[in-house]
Amino acid sequence: MTSTQARHTRRAVLQAAVDAGARCHGADSDPDLFFRADDEGLAAWRARRTKAIRLCTGCPVRAACEELALRDGDGRPDADEMVRAGRTGRELAAVRAAHTERLAAAVDADRDTEGRRLDTLTTQLQHEAGTNPDSNRNGGVRSVTARTAAQNDRLRALAAQIRQIRTARRARAGWGVAA
């Protein structure tokens, strides 16, 4: 996932990508590596910070992790206390300050539960439409017909839910009620 893709992706998708593919989620990785301990000296922290940044380098979900860190408000400009997505807390704070408007819009979109529901229904519709109702051929012609009818019912129900949400959103935005 590129940085541009991460910027346009909802929080749940970003979190799922990080949970599934982050290098730091390995069995031999210590989560404390990424955070400075309260009583830790600067030299010790710098060594651990460098190790954490190296671990993030080349991580396949680094852009998603950074986008999550920015949306979560991680990092402070006045403290060197963490590493996330290969950036220090100060670096994250600087990037967040440069992208204030974009991040505010992304956080608002993440809170849009209706939009998330629409995304979920659309994904379900696409998955259901791509499913072959004849995948179990042991049932004969009658069961294929029944499975096809059941699939069509599910597709109609999903499409109706999507249409209902879109119509309501369009009406609220002043676009009229045309589907």
# chains A, B, ... in the order shown; residues from 1 in each chain; ligands from 1
$ residues_around --residues "Leu103 of chain A" --least-positions-apart "4" --cutoff "10 Å" --atoms "only C-alpha atoms" --output "PyMOL selection string"
chain A and resi 7+67+70-73+96-99+107-109
$ select_by_dssp --residues "segment 14-162 of chain A" --states "alpha helix (DSSP H)" --output "PyMOL selection string"
chain A and resi 14-21+42-56+62-72+89-98+100-111+113-129+140-162
$ residues_around --residues "segment 14-19 of chain A" --least-positions-apart "4" --cutoff "10 Å" --atoms "only C-alpha atoms" --output "PyMOL selection string"
chain A and resi 1+5-10+23-25+59-68
$ residues_around --residues "segment 125-127 of chain A" --least-positions-apart "2" --cutoff "9 Å" --atoms "only C-alpha atoms" --output "number ranges by chain"
A: 120-123, 129-131, 154-155, 158-159
$ residues_around --residues "Asn152 of chain A" --least-positions-apart "4" --cutoff "10 Å" --atoms "only C-alpha atoms" --output "number ranges by chain"
A: 128-129, 133, 146-148, 156-158
$ select_by_dssp --residues "segment 83-143 of chain A" --states "strand (DSSP E or B)" --output "list in words"
Val83, Arg84, Arg87 and Thr88 of chain A
$ residues_around --residues "segment 75-90 of chain A" --least-positions-apart "3" --cutoff "7 Å" --atoms "only C-alpha atoms" --output "VMD selection string"
chain A and resid 34 to 36 49 52 to 53 56 to 57 62 65 to 66 69 93 to 94
$ closest_residue --among "A:Leu92, A:Arg102, A:Gly21, A:Glu40" --to "Thr4 of chain A" --atoms "only C-alpha atoms"
A:Arg102
